[in-house]
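A short worksheet on the structure shown next.
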Amino acid sequence: MPNLIEITDLSAPELEAYTQLTHAQLRNRLEPEKGIFIAESTKVIAYALKAGCRPISALMERSHLAAFLAQLPESCREIPVYTADRQVLEGLTGYQLNRGVLCAMRRPVQPTVEEVCRSARRIAVLENITDATNVGAIFRSAAALGMDGVLVTPCCCDPLYRRAVRVSMGTVFQIPWARIGSSPDQWPQPGLSQLKALGFQTVAMALTEHSVSIEDPALARAEKLAIILGTEGDGLSAHTIAGCDYTARIPMFHGVDSLNVAAAGAVMFWQLRSRGEGAL
């Protein structure tokens with residue numbers, strides 16, 4: 001039987017994961033390996049459950065109960081499920097559930113860089129990208145357009161940030177990812193050397209006088225290729241560009257010099273994807 005709890009006060013301590021704690025507080029709750037993230041929408045929650053994430057509790061409008069409970073594993077049926085009608089939730093403190101349902105979950109154990117790269121031919125590397133929307137959009141494109149994995153540098157936005165998860169449409173649970181380095185001084189070195197040791201050639205996405213077109217045959221011929229995308233505004237660091245095997249640009253028209261990093265990533269992923277089977 002589900003443990004349904006009618007909500008009357010959103011300031012109750014048991015609801016702090018949804019209403020009071022910051023993402024950093026959720027991530028470091030108790031111990032880092034026991035941190036929490038928030039999944040939003042029944043679709044995203046379904047992907048997280050399929051990936052083995054363990055739910056702790058849920059908060060939702062009553063109209064979403066049936067769909068949520070239908071996908072909840074038997075072993076998790078005793079978690080508290082906080083619910084009320086939409087009008088009640090909005091009337092309590094002006095709180096509104098954009099997707100109707102939230103689920104607090106334990107953070108999954110992340111694979112290592114070696115595990116992500118072991119059988120990969122194409123990976124995306126996100127250098128210091130701080131906008132959660134961009135990170136989520138890049139993960140969605142990476143999963144859809146032929147990347148085998150994603151690596152994020154130490155200063156990159158957490159892919160399990162609530163907005164990143166939502167924008168990714170749950171693909172953060174479908175494509176393997178890892179953090180390359182545990183502190184800022186571990187990127188671009190020894191991170192780039194680690195990729196080289198794992199058999200990857202590296203291509204920096206940057207507008208320089210030495211950039212080649214993403215249509216350059218040498219990029220397509222690379223057996224294993226890491227596509228490195230830089231932070232919003234400043235792009236990749238000079239040290240990263242200098243340490244890569246290639247620097248590439250997207251040919252553009254009408255005098256446009258650049259694209260949003262998420263849009264540019266999608267173009268590069270499609271052009272440089274591994275040409276094997278697997279697409280629908």
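Identifiers in this document derive from the order of the structure tokens: chains are assigned A, B, ..., residues are numbered from 1 separately in each chain, and ligands are numbered from 1 in order of occurrence.
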(Q) DSSP on the backbone: which residues in segment 48-226 of chain A end up as helix (DSSP H, G or I)? Give the answer as a PyMOL selection string. (A) chain A and resi 48-50+62-71+74-76+86-93+113-117+132-144+162-167+171-173+184-186+191-197+217-221
Q.
What's around Ile250 of chain A at 7 Å? Count only C-alpha atoms, leave out sequence neighbours fewer than 2 positions away in its own chain, and write the answer as a PyMOL selection string.
A. chain A and resi 213-214+252
Q. Can you tell me how far atom CA of Thr202 of chain A sits from atom CA of Leu225 of chain A, in Å to one decimal?
A. 5.7 Å
(Q) Report as a ChimeraX atom specification all protein, DNA and RNA residues lying within 7 Å of Pro111 of chain A, evaluated on only C-alpha atoms, omitting residues in the same chain fewer than 4 positions from it. (A) /A:115-116,177-178
Write the residues of the selection above to a file with C-alpha atoms, as a compact mmCIF listing (two decimals), in the first residue's frame.
```
# COMPACT_ATOMS: atom_id res chain seq x y z
CA GLU A 115 34.45 2.89 -17.23
CA VAL A 116 32.73 5.52 -19.38
CA TRP A 177 28.86 10.12 -17.60
CA ALA A 178 31.61 10.85 -15.13
```
